[in-house]
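Source file protein_16.tsv; content: TSV, C-alpha atoms and all ligand atoms.
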```tsv
chain	number	residue	atom	x	y	z
A	10	MET	CA	19.05	-6.98	-4.29
A	11	THR	CA	20.88	-3.71	-4.82
A	12	ASN	CA	23.35	-2.44	-7.32
A	13	PHE	CA	25.01	0.23	-5.22
A	14	GLY	CA	28.26	-1.62	-5.02
A	15	TYR	CA	27.81	-3.01	-1.54
A	16	ARG	CA	27.04	-6.56	-0.59
A	17	PRO	CA	26.48	-6.59	3.15
A	18	ASP	CA	26.14	-10.36	3.34
A	19	SER	CA	28.66	-11.49	0.74
A	20	GLY	CA	31.24	-12.38	3.35
A	21	LEU	CA	33.89	-10.46	1.43
A	22	MET	CA	34.09	-7.62	3.95
A	23	THR	CA	36.80	-7.88	6.51
A	24	ALA	CA	36.03	-7.08	10.12
A	25	GLY	CA	36.55	-3.59	11.52
A	26	ALA	CA	36.55	-0.31	9.61
A	27	ASP	CA	35.42	-1.83	6.31
A	28	THR	CA	32.44	-3.56	7.91
A	29	ARG	CA	31.51	-0.40	9.75
A	30	ARG	CA	31.75	1.65	6.58
A	31	ALA	CA	29.63	-0.86	4.65
A	32	ARG	CA	27.04	-0.86	7.42
A	33	ASN	CA	26.90	2.95	7.46
A	34	ARG	CA	26.57	3.02	3.70
A	35	ALA	CA	23.73	0.49	3.82
A	36	ARG	CA	21.93	2.63	6.41
A	37	VAL	CA	22.26	5.81	4.33
A	38	VAL	CA	21.14	3.97	1.17
A	39	ALA	CA	18.08	2.53	2.95
A	40	ALA	CA	17.15	5.91	4.44
A	41	LEU	CA	17.47	7.71	1.11
A	42	ARG	CA	15.49	5.02	-0.65
A	43	GLU	CA	12.72	5.46	1.88
A	44	ALA	CA	12.79	9.27	1.68
A	45	GLY	CA	13.16	9.55	-2.09
A	46	ALA	CA	15.09	12.79	-1.64
A	47	ALA	CA	16.68	14.20	1.51
A	48	SER	CA	19.30	16.66	2.71
A	49	ARG	CA	22.44	15.48	4.50
A	50	ALA	CA	20.97	16.75	7.80
A	51	GLU	CA	17.77	14.76	7.19
A	52	LEU	CA	19.80	11.63	6.44
A	53	ALA	CA	21.74	12.08	9.67
A	54	ARG	CA	18.46	12.36	11.56
A	55	ARG	CA	16.94	9.32	9.85
A	56	THR	CA	19.99	7.06	10.28
A	57	GLY	CA	21.19	8.28	13.67
A	58	LEU	CA	24.68	8.66	12.16
A	59	SER	CA	26.81	11.77	12.64
A	60	ARG	CA	26.75	14.47	9.95
A	61	THR	CA	30.43	13.80	9.25
A	62	THR	CA	29.78	10.10	8.65
A	63	VAL	CA	26.78	10.90	6.42
A	64	ALA	CA	28.83	13.45	4.45
A	65	SER	CA	31.60	10.93	3.87
A	66	VAL	CA	29.19	8.17	2.74
A	67	VAL	CA	27.40	10.66	0.46
A	68	ALA	CA	30.70	11.76	-1.08
A	69	GLU	CA	31.58	8.15	-1.81
A	70	LEU	CA	28.16	7.45	-3.40
A	71	GLU	CA	28.43	10.66	-5.45
A	72	ARG	CA	31.82	9.58	-6.76
A	73	SER	CA	30.31	6.28	-7.95
A	74	GLY	CA	27.60	8.23	-9.80
A	75	VAL	CA	24.52	6.86	-8.02
A	76	LEU	CA	23.57	10.13	-6.28
A	77	VAL	CA	22.55	13.48	-7.70
A	78	GLU	CA	22.28	16.74	-5.83
A	79	ARG	CA	20.03	19.74	-6.38
A	80	ALA	CA	18.96	22.85	-4.47
A	81	ASP	CA	15.82	22.43	-2.36
A	82	ASP	CA	14.11	25.59	-3.57
A	83	ALA	CA	10.98	24.86	-1.55
A	84	ALA	CA	13.01	25.08	1.67
A	85	ALA	CA	14.98	28.21	0.66
A	86	SER	CA	15.05	30.89	3.34
A	87	PRO	CA	12.94	33.98	2.50
A	88	ARG	CA	15.88	36.12	3.66
A	89	GLY	CA	18.08	34.67	1.00
A	90	GLY	CA	21.16	32.58	1.65
A	91	ARG	CA	22.00	29.23	0.19
A	92	PRO	CA	19.03	26.82	-0.04
A	93	PRO	CA	19.71	23.37	1.46
A	94	ARG	CA	20.94	20.70	-0.98
A	95	LEU	CA	18.73	17.69	-1.63
A	96	LEU	CA	20.21	14.31	-2.50
A	97	SER	CA	18.45	11.60	-4.46
A	98	PHE	CA	19.39	8.52	-6.46
A	99	SER	CA	20.25	9.10	-10.08
A	100	ARG	CA	18.19	7.35	-12.73
A	101	SER	CA	21.07	4.91	-13.29
A	102	ALA	CA	21.02	3.78	-9.64
A	103	GLY	CA	18.14	1.41	-10.32
A	104	ALA	CA	14.40	1.10	-10.64
A	105	ALA	CA	11.49	-0.51	-8.79
A	106	ILE	CA	8.40	-2.30	-10.10
A	107	GLY	CA	4.96	-2.31	-8.47
A	108	ILE	CA	2.17	-4.73	-9.45
A	109	ASP	CA	-1.43	-4.50	-8.27
A	110	PHE	CA	-4.02	-7.20	-8.88
A	111	GLY	CA	-7.53	-5.91	-8.30
A	112	LYS	CA	-10.85	-7.62	-8.64
A	113	ARG	CA	-11.09	-6.55	-12.29
A	114	HIS	CA	-7.72	-5.12	-13.27
A	115	LEU	CA	-4.00	-5.63	-13.32
A	116	ARG	CA	-1.82	-2.52	-12.95
A	117	VAL	CA	1.96	-2.28	-13.21
A	118	ALA	CA	4.24	0.73	-12.65
A	119	ALA	CA	7.97	1.35	-12.80
A	120	SER	CA	9.65	4.06	-10.74
A	121	ASP	CA	13.19	5.21	-10.19
A	122	LEU	CA	14.71	5.20	-6.70
A	123	SER	CA	13.89	8.86	-6.16
A	124	HIS	CA	10.19	7.78	-6.24
A	125	ALA	CA	9.41	9.25	-9.69
A	126	ILE	CA	7.01	7.12	-11.76
A	127	LEU	CA	8.65	6.28	-15.09
A	128	SER	CA	5.82	4.36	-16.74
A	129	GLU	CA	2.53	2.71	-15.93
A	130	ALA	CA	0.23	0.22	-17.67
A	131	GLU	CA	-3.12	-1.41	-16.96
A	132	ARG	CA	-5.24	-4.18	-18.41
A	133	PRO	CA	-8.56	-5.75	-17.48
A	134	MET	CA	-8.12	-8.93	-15.49
A	135	LEU	CA	-10.48	-11.15	-13.58
A	136	THR	CA	-9.36	-12.56	-10.25
A	137	GLU	CA	-11.42	-15.67	-11.01
A	138	GLU	CA	-8.78	-16.52	-13.62
A	139	PRO	CA	-6.18	-19.07	-12.52
A	140	ALA	CA	-2.94	-17.79	-10.97
A	141	GLU	CA	-1.11	-19.13	-14.02
A	142	SER	CA	-2.71	-16.64	-16.43
A	143	GLY	CA	-2.46	-13.82	-13.88
A	144	LEU	CA	1.27	-14.40	-13.47
A	145	ALA	CA	1.81	-14.61	-17.23
A	146	ALA	CA	-0.08	-11.34	-17.73
A	147	ALA	CA	1.97	-9.69	-14.96
A	148	VAL	CA	5.23	-10.74	-16.65
A	149	GLU	CA	4.04	-9.30	-19.98
A	150	LEU	CA	2.99	-6.02	-18.40
A	151	VAL	CA	6.28	-5.72	-16.49
A	152	GLU	CA	8.16	-6.13	-19.77
A	153	GLU	CA	5.93	-3.48	-21.35
A	154	VAL	CA	6.52	-0.85	-18.63
A	155	LEU	CA	10.27	-1.52	-18.57
A	156	ARG	CA	10.43	-1.11	-22.35
A	157	GLU	CA	8.44	2.11	-22.18
A	158	ALA	CA	10.63	3.47	-19.36
A	159	GLY	CA	13.81	2.42	-21.16
A	160	VAL	CA	14.95	0.47	-18.09
A	161	PRO	CA	16.91	-2.76	-18.59
A	162	ARG	CA	15.69	-5.56	-16.35
A	163	ALA	CA	19.12	-5.83	-14.73
A	164	GLU	CA	18.60	-2.37	-13.21
A	165	VAL	CA	15.45	-3.39	-11.30
A	166	VAL	CA	16.25	-3.66	-7.58
A	167	GLY	CA	12.97	-5.30	-6.61
A	168	VAL	CA	9.31	-5.96	-7.38
A	169	GLY	CA	6.39	-5.34	-5.03
A	170	LEU	CA	3.24	-7.40	-5.63
A	171	GLY	CA	-0.23	-6.66	-4.23
A	172	LEU	CA	-2.97	-9.30	-4.12
A	173	PRO	CA	-6.57	-8.92	-2.92
A	174	GLY	CA	-6.30	-11.86	-0.52
A	175	PRO	CA	-4.60	-12.94	2.68
A	176	ILE	CA	-0.92	-13.93	2.49
A	177	ASP	CA	0.43	-16.36	5.08
A	178	ARG	CA	3.63	-14.78	6.35
A	179	ARG	CA	5.12	-18.10	7.45
A	180	SER	CA	4.66	-20.04	4.19
A	181	GLY	CA	4.29	-17.14	1.72
A	182	ARG	CA	1.19	-18.86	0.32
A	183	VAL	CA	-2.03	-17.13	-0.64
A	184	GLY	CA	-4.59	-18.14	1.99
A	185	SER	CA	-8.14	-19.27	1.47
A	186	SER	CA	-10.08	-16.61	-0.35
A	187	SER	CA	-13.14	-16.60	-2.53
A	188	ILE	CA	-11.91	-13.38	-4.16
A	189	LEU	CA	-8.80	-15.16	-5.45
A	190	PRO	CA	-9.96	-18.76	-5.90
A	191	GLY	CA	-7.34	-19.59	-8.52
A	192	TRP	CA	-4.49	-18.45	-6.29
A	193	VAL	CA	-5.10	-20.37	-3.07
A	194	GLY	CA	-1.92	-22.16	-1.94
A	195	VAL	CA	0.24	-20.42	-4.54
A	196	ARG	CA	3.56	-18.96	-3.36
A	197	ALA	CA	2.98	-15.84	-5.45
A	198	ALA	CA	6.24	-13.99	-4.71
A	199	GLU	CA	8.35	-17.09	-5.37
A	200	GLU	CA	6.45	-17.98	-8.59
A	201	LEU	CA	6.63	-14.49	-10.05
A	202	GLY	CA	10.21	-14.04	-8.86
A	203	SER	CA	11.40	-17.09	-10.76
A	204	ARG	CA	9.57	-15.99	-13.92
A	205	LEU	CA	11.01	-12.49	-13.78
A	206	GLY	CA	14.41	-13.42	-12.39
A	207	LEU	CA	13.96	-10.63	-9.84
A	208	PRO	CA	13.34	-10.46	-6.09
A	209	VAL	CA	9.58	-10.13	-5.43
A	210	GLU	CA	7.80	-9.21	-2.20
A	211	VAL	CA	4.07	-9.70	-1.77
A	212	ASP	CA	1.46	-8.26	0.55
A	213	ASN	CA	-2.30	-7.89	0.53
A	214	ASP	CA	-3.99	-4.89	-1.05
A	215	ALA	CA	-5.22	-3.22	2.16
A	216	ASN	CA	-1.73	-3.36	3.67
A	217	LEU	CA	-0.29	-1.81	0.51
A	218	GLY	CA	-2.93	0.93	0.55
A	219	ALA	CA	-1.84	1.71	4.11
A	220	LEU	CA	1.83	1.78	3.12
A	221	ALA	CA	1.19	4.15	0.19
A	222	GLU	CA	-0.97	6.52	2.24
A	223	LEU	CA	1.71	6.47	4.97
A	224	HIS	CA	4.53	7.43	2.62
A	225	TRP	CA	2.83	9.67	0.06
A	226	GLY	CA	-0.79	10.24	1.03
A	227	ALA	CA	-3.22	11.12	3.79
A	228	ALA	CA	-1.28	9.28	6.54
A	229	GLU	CA	2.08	10.92	5.85
A	230	GLY	CA	3.76	11.81	9.14
A	231	HIS	CA	1.39	9.64	11.19
A	232	THR	CA	2.55	6.79	13.42
A	233	ASN	CA	-0.71	5.06	14.40
A	234	ALA	CA	-3.24	4.84	11.61
A	235	ALA	CA	-5.40	2.44	9.65
A	236	TYR	CA	-6.28	2.27	5.99
A	237	LEU	CA	-9.66	0.76	5.18
A	238	LYS	CA	-10.27	-0.68	1.76
A	239	VAL	CA	-14.00	-0.74	1.11
A	240	ALA	CA	-14.82	-2.53	-2.14
A	241	THR	CA	-15.96	-6.09	-2.91
A	242	GLY	CA	-14.26	-7.06	0.30
A	243	ILE	CA	-13.47	-4.92	3.32
A	244	GLY	CA	-9.98	-5.05	4.80
A	245	ALA	CA	-7.73	-2.84	6.90
A	246	GLY	CA	-4.01	-2.15	6.77
A	247	LEU	CA	-2.77	-1.23	10.23
A	248	ILE	CA	0.12	1.14	10.92
A	249	VAL	CA	1.34	0.68	14.48
A	250	ASP	CA	4.27	2.75	15.74
A	251	GLY	CA	5.03	3.85	12.19
A	252	ARG	CA	5.24	0.33	10.75
A	253	LEU	CA	2.83	-1.97	8.98
A	254	PHE	CA	1.44	-4.44	11.52
A	255	HIS	CA	0.86	-7.96	10.13
A	256	GLY	CA	0.18	-10.05	13.23
A	257	SER	CA	1.73	-13.49	13.71
A	258	GLY	CA	0.53	-15.07	10.45
A	259	GLY	CA	-0.21	-12.01	8.34
A	260	MET	CA	-3.94	-11.96	9.03
A	261	ALA	CA	-4.11	-8.73	11.07
A	262	GLY	CA	-6.65	-6.20	9.85
A	263	GLU	CA	-9.40	-8.56	8.66
A	264	ILE	CA	-11.99	-6.04	9.85
A	265	GLY	CA	-14.45	-7.15	7.15
A	266	HIS	CA	-15.08	-10.29	9.18
A	267	THR	CA	-16.13	-8.54	12.36
A	268	ILE	CA	-19.53	-10.03	13.21
A	269	LEU	CA	-22.32	-7.49	13.34
A	270	ASP	CA	-25.26	-9.88	13.17
A	271	GLU	CA	-24.87	-13.46	14.36
A	272	HIS	CA	-27.94	-14.52	12.36
A	273	GLY	CA	-27.04	-12.50	9.28
A	274	PRO	CA	-26.12	-13.80	5.82
A	275	VAL	CA	-23.47	-16.50	5.51
A	276	CYS	CA	-20.09	-14.94	4.67
A	277	ARG	CA	-17.47	-16.28	2.26
A	278	CYS	CA	-15.29	-16.90	5.35
A	279	GLY	CA	-17.87	-19.37	6.71
A	280	LYS	CA	-19.21	-17.21	9.53
A	281	ARG	CA	-22.51	-15.29	9.56
A	282	GLY	CA	-23.29	-11.61	9.54
A	283	CYS	CA	-19.74	-10.36	8.96
A	284	LEU	CA	-19.37	-6.64	8.16
A	285	GLU	CA	-18.53	-7.61	4.57
A	286	THR	CA	-21.91	-9.35	4.11
A	287	LEU	CA	-23.62	-6.10	5.08
A	288	ALA	CA	-21.36	-3.40	3.63
A	289	GLY	CA	-19.25	-4.98	0.86
A	290	THR	CA	-20.29	-3.68	-2.56
A	291	PRO	CA	-21.91	-7.00	-3.69
A	292	ALA	CA	-24.23	-6.78	-0.67
A	293	LEU	CA	-25.20	-3.18	-1.50
A	294	VAL	CA	-25.90	-4.03	-5.13
A	295	GLU	CA	-28.02	-7.00	-4.03
A	296	LEU	CA	-30.05	-4.80	-1.69
A	297	LEU	CA	-30.91	-2.52	-4.59
A	298	ARG	CA	-32.04	-5.24	-6.96
A	299	PRO	CA	-35.76	-5.06	-5.99
A	300	ARG	CA	-35.78	-1.34	-6.68
A	301	LEU	CA	-33.70	-1.32	-9.85
A	302	GLY	CA	-34.83	-4.68	-11.22
A	303	ARG	CA	-31.26	-5.55	-12.19
A	304	SER	CA	-27.76	-5.91	-10.84
A	305	ILE	CA	-25.50	-2.84	-11.21
A	306	ARG	CA	-21.78	-2.16	-10.90
A	307	THR	CA	-20.37	-0.07	-8.05
A	308	ALA	CA	-19.60	2.76	-10.48
A	309	GLU	CA	-23.28	3.02	-11.38
A	310	LEU	CA	-24.30	2.82	-7.73
A	311	LEU	CA	-22.06	5.81	-7.04
A	312	GLU	CA	-23.43	7.74	-10.04
A	313	LEU	CA	-27.05	7.09	-9.03
A	314	ALA	CA	-26.29	8.15	-5.45
A	315	ALA	CA	-24.62	11.34	-6.68
A	316	SER	CA	-27.64	12.13	-8.84
A	317	GLY	CA	-29.89	11.87	-5.77
A	318	ASP	CA	-31.38	8.35	-5.92
A	319	SER	CA	-32.71	7.90	-2.39
A	320	ALA	CA	-32.27	4.10	-2.20
A	321	CYS	CA	-28.69	4.25	-3.44
A	322	ARG	CA	-27.90	7.02	-0.97
A	323	ARG	CA	-29.52	5.05	1.81
A	324	VAL	CA	-27.56	1.82	1.23
A	325	ILE	CA	-24.26	3.72	1.08
A	326	ALA	CA	-25.07	5.60	4.28
A	327	ASP	CA	-26.06	2.34	6.00
A	328	ALA	CA	-22.79	0.77	4.82
A	329	GLY	CA	-20.97	3.71	6.44
A	330	ARG	CA	-22.88	3.13	9.66
A	331	ASN	CA	-22.06	-0.60	9.68
A	332	ILE	CA	-18.39	0.05	8.92
A	333	GLY	CA	-18.39	2.63	11.71
A	334	MET	CA	-19.48	-0.04	14.22
A	335	ALA	CA	-16.39	-2.14	13.40
A	336	VAL	CA	-14.13	0.92	13.22
A	337	ALA	CA	-15.26	1.97	16.72
A	338	THR	CA	-13.88	-1.33	18.07
A	339	LEU	CA	-10.69	-0.84	16.06
A	340	CYS	CA	-10.32	2.62	17.64
A	341	ASP	CA	-10.76	1.19	21.14
A	342	LEU	CA	-8.15	-1.51	20.47
A	343	LEU	CA	-5.47	0.51	18.69
A	344	ASN	CA	-6.26	4.14	19.51
A	345	PRO	CA	-5.21	5.38	16.04
A	346	GLU	CA	-4.96	9.07	15.25
A	347	LEU	CA	-6.14	8.59	11.69
A	348	ILE	CA	-8.39	6.30	9.65
A	349	VAL	CA	-8.01	6.62	5.89
A	350	VAL	CA	-10.93	5.20	3.93
A	351	GLY	CA	-10.11	3.95	0.43
A	352	GLY	CA	-11.44	1.41	-2.05
A	353	GLU	CA	-14.07	2.04	-4.69
A	354	LEU	CA	-16.89	2.88	-2.26
A	355	SER	CA	-14.82	5.67	-0.68
A	356	ARG	CA	-15.60	7.72	-3.80
A	357	ALA	CA	-19.01	8.34	-2.16
A	358	ASP	CA	-17.01	10.59	0.20
A	359	ASP	CA	-19.08	12.17	3.01
A	360	LEU	CA	-22.18	10.19	2.05
A	361	LEU	CA	-20.22	7.19	3.37
A	362	LEU	CA	-17.90	8.95	5.82
A	363	ASP	CA	-20.37	11.07	7.80
A	364	PRO	CA	-22.44	8.12	9.08
A	365	LEU	CA	-19.20	6.23	9.65
A	366	ARG	CA	-17.81	9.06	11.80
A	367	GLU	CA	-21.12	9.34	13.66
A	368	GLN	CA	-21.05	5.64	14.60
A	369	VAL	CA	-17.45	5.87	15.77
A	370	HIS	CA	-18.40	8.77	18.02
A	371	ARG	CA	-21.42	6.88	19.36
A	372	ASN	CA	-19.67	3.57	19.96
A	373	ALA	CA	-15.99	4.10	20.70
A	374	ILE	CA	-14.73	5.20	24.09
A	375	PRO	CA	-15.02	9.02	24.07
A	376	ALA	CA	-11.25	9.44	24.40
A	377	THR	CA	-10.37	7.19	21.45
A	378	ALA	CA	-13.17	8.72	19.33
A	379	ARG	CA	-11.78	12.17	20.13
A	380	ASP	CA	-8.28	11.16	19.07
A	381	VAL	CA	-9.21	9.85	15.65
A	382	GLU	CA	-9.70	11.72	12.42
A	383	ILE	CA	-11.50	9.90	9.59
A	384	VAL	CA	-10.65	10.98	6.05
A	385	ALA	CA	-10.96	9.72	2.48
A	386	SER	CA	-7.95	8.25	0.68
A	387	MET	CA	-5.73	10.80	-1.07
A	388	LEU	CA	-4.33	8.33	-3.58
A	389	GLY	CA	-7.63	6.87	-4.79
A	390	PRO	CA	-7.55	3.84	-7.09
A	391	ARG	CA	-3.75	4.00	-7.37
A	392	ALA	CA	-3.15	3.54	-3.62
A	393	GLU	CA	-2.49	-0.21	-3.87
A	394	LEU	CA	-0.21	0.14	-6.90
A	395	LEU	CA	1.85	2.84	-5.19
A	396	GLY	CA	1.94	0.67	-2.06
A	397	ALA	CA	3.46	-2.14	-4.13
A	398	LEU	CA	6.23	0.30	-5.11
A	399	ALA	CA	6.59	1.37	-1.46
A	400	LEU	CA	7.18	-2.27	-0.57
A	401	VAL	CA	10.40	-2.04	-2.58
A	402	LEU	CA	11.34	1.61	-2.08
A	403	ALA	CA	10.26	2.63	1.34
A	404	ASP	CA	9.77	-0.38	3.51
A	405	PRO	CA	12.23	-3.11	2.69
A	406	GLY	CA	11.32	-6.25	4.53
A	407	ALA	CA	7.66	-5.31	5.04
A	408	GLY	CA	6.24	-7.90	2.68
A	409	VAL	CA	6.70	-11.64	2.24
A	410	ARG	CA	9.28	-12.94	-0.16
B	1	ZN	ZN	-16.65	-13.23	7.03
```

Transcribe the structure of this file into structure tokens.
Ligand SMILES: [Zn+2]
Amino acid sequence: MTNFGYRPDSGLMTAGADTRRARNRARVVAALREAGAASRAELARRTGLSRTTVASVVAELERSGVLVERADDAAASPRGGRPPRLLSFSRSAGAAIGIDFGKRHLRVAASDLSHAILSEAERPMLTEEPAESGLAAAVELVEEVLREAGVPRAEVVGVGLGLPGPIDRRSGRVGSSSILPGWVGVRAAEELGSRLGLPVEVDNDANLGALAELHWGAAEGHTNAAYLKVATGIGAGLIVDGRLFHGSGGMAGEIGHTILDEHGPVCRCGKRGCLETLAGTPALVELLRPRLGRSIRTAELLELAASGDSACRRVIADAGRNIGMAVATLCDLLNPELIVVGGELSRADDLLLDPLREQVHRNAIPATARDVEIVASMLGPRAELLGALALVLADPGAGVR
């Protein structure tokens, strides 16, 4: 998995000081990978190790050439004096790959271990296509970004894969989903891993959006938060006590299937009147058909709403209200301090968010409504792709292998 010269489970370490040193090194490496760049003091805080131990591990890693050091000018004292030194992995220490399958696209990015994006590529892709062609396209795009970044495949420490469907955490298989019909039952991480010859971890898109916003976006520094992806489907990624919460089988956060109307339209999940049947973008587009006389894409819905079309504005506001009903329950259950709203519909911004906030305030317990702030995604359409990178860089073990 890593190429930092330590193999914690190789059985080659002898008991005692060597084991302890290897364990300390692994902790410092993991903490620095998560942080991207950090001072020695920050690493001591993150690992719980003493400053002396951290300094000795850092010295060893510097000698082997995997760490670089620079002055943290942003943290320099206004009264002068030496600015703190920031450590990060050198380019040669390795690279990570993130892959995001959306409803209509496939995106791939490569980054180094200090969290800098080295290259990125995208191509149109339909999720209706069989897993076979999706996986083949992913392999091609991974090769393209590695070539562009000048990174040999052997330097890749891991691949994070995001799919717009539920992943069973026990079997690693893609669960039943009408968004990903060609993928049901496929062990996506295993399949892609064997094609690439690299370790792959997989998670669903809403969870990856949450992970990205937690590490680099609107939820940075928060410990209890939720990321809502509002697009064709509606899903939530839950951050509980600073970690992604998956539930026992990986199905936690399926907020799109909260029932709002028992006699409402039949949902793809088999129930009736789920939030998704009322506020997912296909439902909104369908509602507008009598007025527009045709079916439109979400992008056009957003443009028409921005240009003042009353029906388009109304359906988006009503979607916000419906989502707010489900979010109010989420607030009462988890008492989050932050809800980040992403996905394509979040580009409507306050047109969607104001009615959503209003419903949360009307329907959640006053104390939980008071605690929560509801904001738009900071990372926009790249949230899921960055989350796939975070799966490798910042949260080892979060996904399913
Ligand atoms: Zn449903």

With a cut-off of 12 Å, could you pull out the residues of chain A touching ligand ZN 1 (chain B) and give me the nearest pair of atoms for each, distance in Å to one decimal, using only C-alpha atoms and all ligand atoms, ordered by chain and ascending number, as a tab-separated table?
```
residue	atom	partner	partner_atom	distance
A:Ser185	CA	B:ZN1	ZN	11.8
A:Ser186	CA	B:ZN1	ZN	10.4
A:Ser187	CA	B:ZN1	ZN	10.7
A:Gly242	CA	B:ZN1	ZN	9.4
A:Ile243	CA	B:ZN1	ZN	9.6
A:Gly244	CA	B:ZN1	ZN	10.8
A:Glu263	CA	B:ZN1	ZN	8.8
A:Ile264	CA	B:ZN1	ZN	9.0
A:Gly265	CA	B:ZN1	ZN	6.5
A:His266	CA	B:ZN1	ZN	4.0
A:Thr267	CA	B:ZN1	ZN	7.1
A:Ile268	CA	B:ZN1	ZN	7.5
A:Leu269	CA	B:ZN1	ZN	10.2
A:Asp270	CA	B:ZN1	ZN	11.1
A:Glu271	CA	B:ZN1	ZN	11.0
A:Gly273	CA	B:ZN1	ZN	10.7
A:Pro274	CA	B:ZN1	ZN	9.6
A:Val275	CA	B:ZN1	ZN	7.7
A:Cys276	CA	B:ZN1	ZN	4.5
A:Arg277	CA	B:ZN1	ZN	5.7
A:Cys278	CA	B:ZN1	ZN	4.3
A:Gly279	CA	B:ZN1	ZN	6.3
A:Lys280	CA	B:ZN1	ZN	5.4
A:Arg281	CA	B:ZN1	ZN	6.7
A:Gly282	CA	B:ZN1	ZN	7.3
A:Cys283	CA	B:ZN1	ZN	4.6
A:Leu284	CA	B:ZN1	ZN	7.2
A:Glu285	CA	B:ZN1	ZN	6.4
A:Thr286	CA	B:ZN1	ZN	7.2
A:Leu287	CA	B:ZN1	ZN	10.2
A:Ala288	CA	B:ZN1	ZN	11.4
A:Gly289	CA	B:ZN1	ZN	10.6
```

Can you write out the residues you just picked, keeping C-alpha atoms, as a JSON list (two decimals), keeping the file's coordinate frame?
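Below is the file that was written, part-v8.json:
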```
[["chain", "number", "residue", "atom", "x", "y", "z"],
["A", 185, "SER", "CA", -8.14, -19.27, 1.47],
["A", 186, "SER", "CA", -10.08, -16.61, -0.35],
["A", 187, "SER", "CA", -13.14, -16.60, -2.53],
["A", 242, "GLY", "CA", -14.26, -7.06, 0.30],
["A", 243, "ILE", "CA", -13.47, -4.92, 3.32],
["A", 244, "GLY", "CA", -9.98, -5.05, 4.80],
["A", 263, "GLU", "CA", -9.40, -8.56, 8.66],
["A", 264, "ILE", "CA", -11.99, -6.04, 9.85],
["A", 265, "GLY", "CA", -14.45, -7.15, 7.15],
["A", 266, "HIS", "CA", -15.08, -10.29, 9.18],
["A", 267, "THR", "CA", -16.13, -8.54, 12.36],
["A", 268, "ILE", "CA", -19.53, -10.03, 13.21],
["A", 269, "LEU", "CA", -22.32, -7.49, 13.34],
["A", 270, "ASP", "CA", -25.26, -9.88, 13.17],
["A", 271, "GLU", "CA", -24.87, -13.46, 14.36],
["A", 273, "GLY", "CA", -27.04, -12.50, 9.28],
["A", 274, "PRO", "CA", -26.12, -13.80, 5.82],
["A", 275, "VAL", "CA", -23.47, -16.50, 5.51],
["A", 276, "CYS", "CA", -20.09, -14.94, 4.67],
["A", 277, "ARG", "CA", -17.47, -16.28, 2.26],
["A", 278, "CYS", "CA", -15.29, -16.90, 5.35],
["A", 279, "GLY", "CA", -17.87, -19.37, 6.71],
["A", 280, "LYS", "CA", -19.21, -17.21, 9.53],
["A", 281, "ARG", "CA", -22.51, -15.29, 9.56],
["A", 282, "GLY", "CA", -23.29, -11.61, 9.54],
["A", 283, "CYS", "CA", -19.74, -10.36, 8.96],
["A", 284, "LEU", "CA", -19.37, -6.64, 8.16],
["A", 285, "GLU", "CA", -18.53, -7.61, 4.57],
["A", 286, "THR", "CA", -21.91, -9.35, 4.11],
["A", 287, "LEU", "CA", -23.62, -6.10, 5.08],
["A", 288, "ALA", "CA", -21.36, -3.40, 3.63],
["A", 289, "GLY", "CA", -19.25, -4.98, 0.86]]
```

One-decimal distance in Å that lies between CA of Gly259 in chain A and CA of Ile176 in chain A: 6.2 Å

For CA of Leu189 in chain A and CA of Gly111 in chain A, the interatomic separation in Å (one decimal): 9.8 Å

9 Å contact set for Leu365 in chain A, only C-alpha atoms, chain neighbours under 2 positions out, as a PyMOL selection string: chain A and resi 326-334+336+359+361-363+367-370+383

Pairwise distance for CA of Ser180 in chain A and CA of Pro208 in chain A, rounded to one decimal in Å: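 Between these atoms lies a distance of 16.5 Å.
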
Distance query range 129-145 of chain A at most 8 Å, all atoms listed in the file, self and fewer than 2 positions along chain excluded, as a list in words: Phe110, Gly111, Lys112, Arg113, His114, Leu115, Arg116, Val117, Ala118, Ala119, Ile126, Leu127, Ala147, Val148, Glu149, Leu150, Glu153, Val154, Ile188, Leu189, Pro190, Gly191, Trp192, Val195, Glu200 and Leu201 of chain A

Which residue of A:Glu222, A:Glu152, A:Glu69, A:Glu312 approaches Gly351 in chain A most closely, using all atoms listed in the file: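 Going through A:Glu222, A:Glu152, A:Glu69, A:Glu312 one by one, the smallest distance to Gly351 in chain A is for A:Glu222.
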
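Shortest separation to Arg298 in chain A among A:Val324, A:Ala197, A:Leu237, A:Val38 occurs at residue A:Val324, atoms counted being only C-alpha atoms.
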
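Ranking A:Leu342, A:Val239, A:Ala227, A:Val249 by their shortest atom-to-atom distance to Glu382 in chain A, with all atoms listed in the file included, puts A:Ala227 first.
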
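Using only C-alpha atoms, the nearest neighbour of Glu210 in chain A within the list A:Leu293, A:Ala105, A:Val75, A:Leu301 is A:Ala105.
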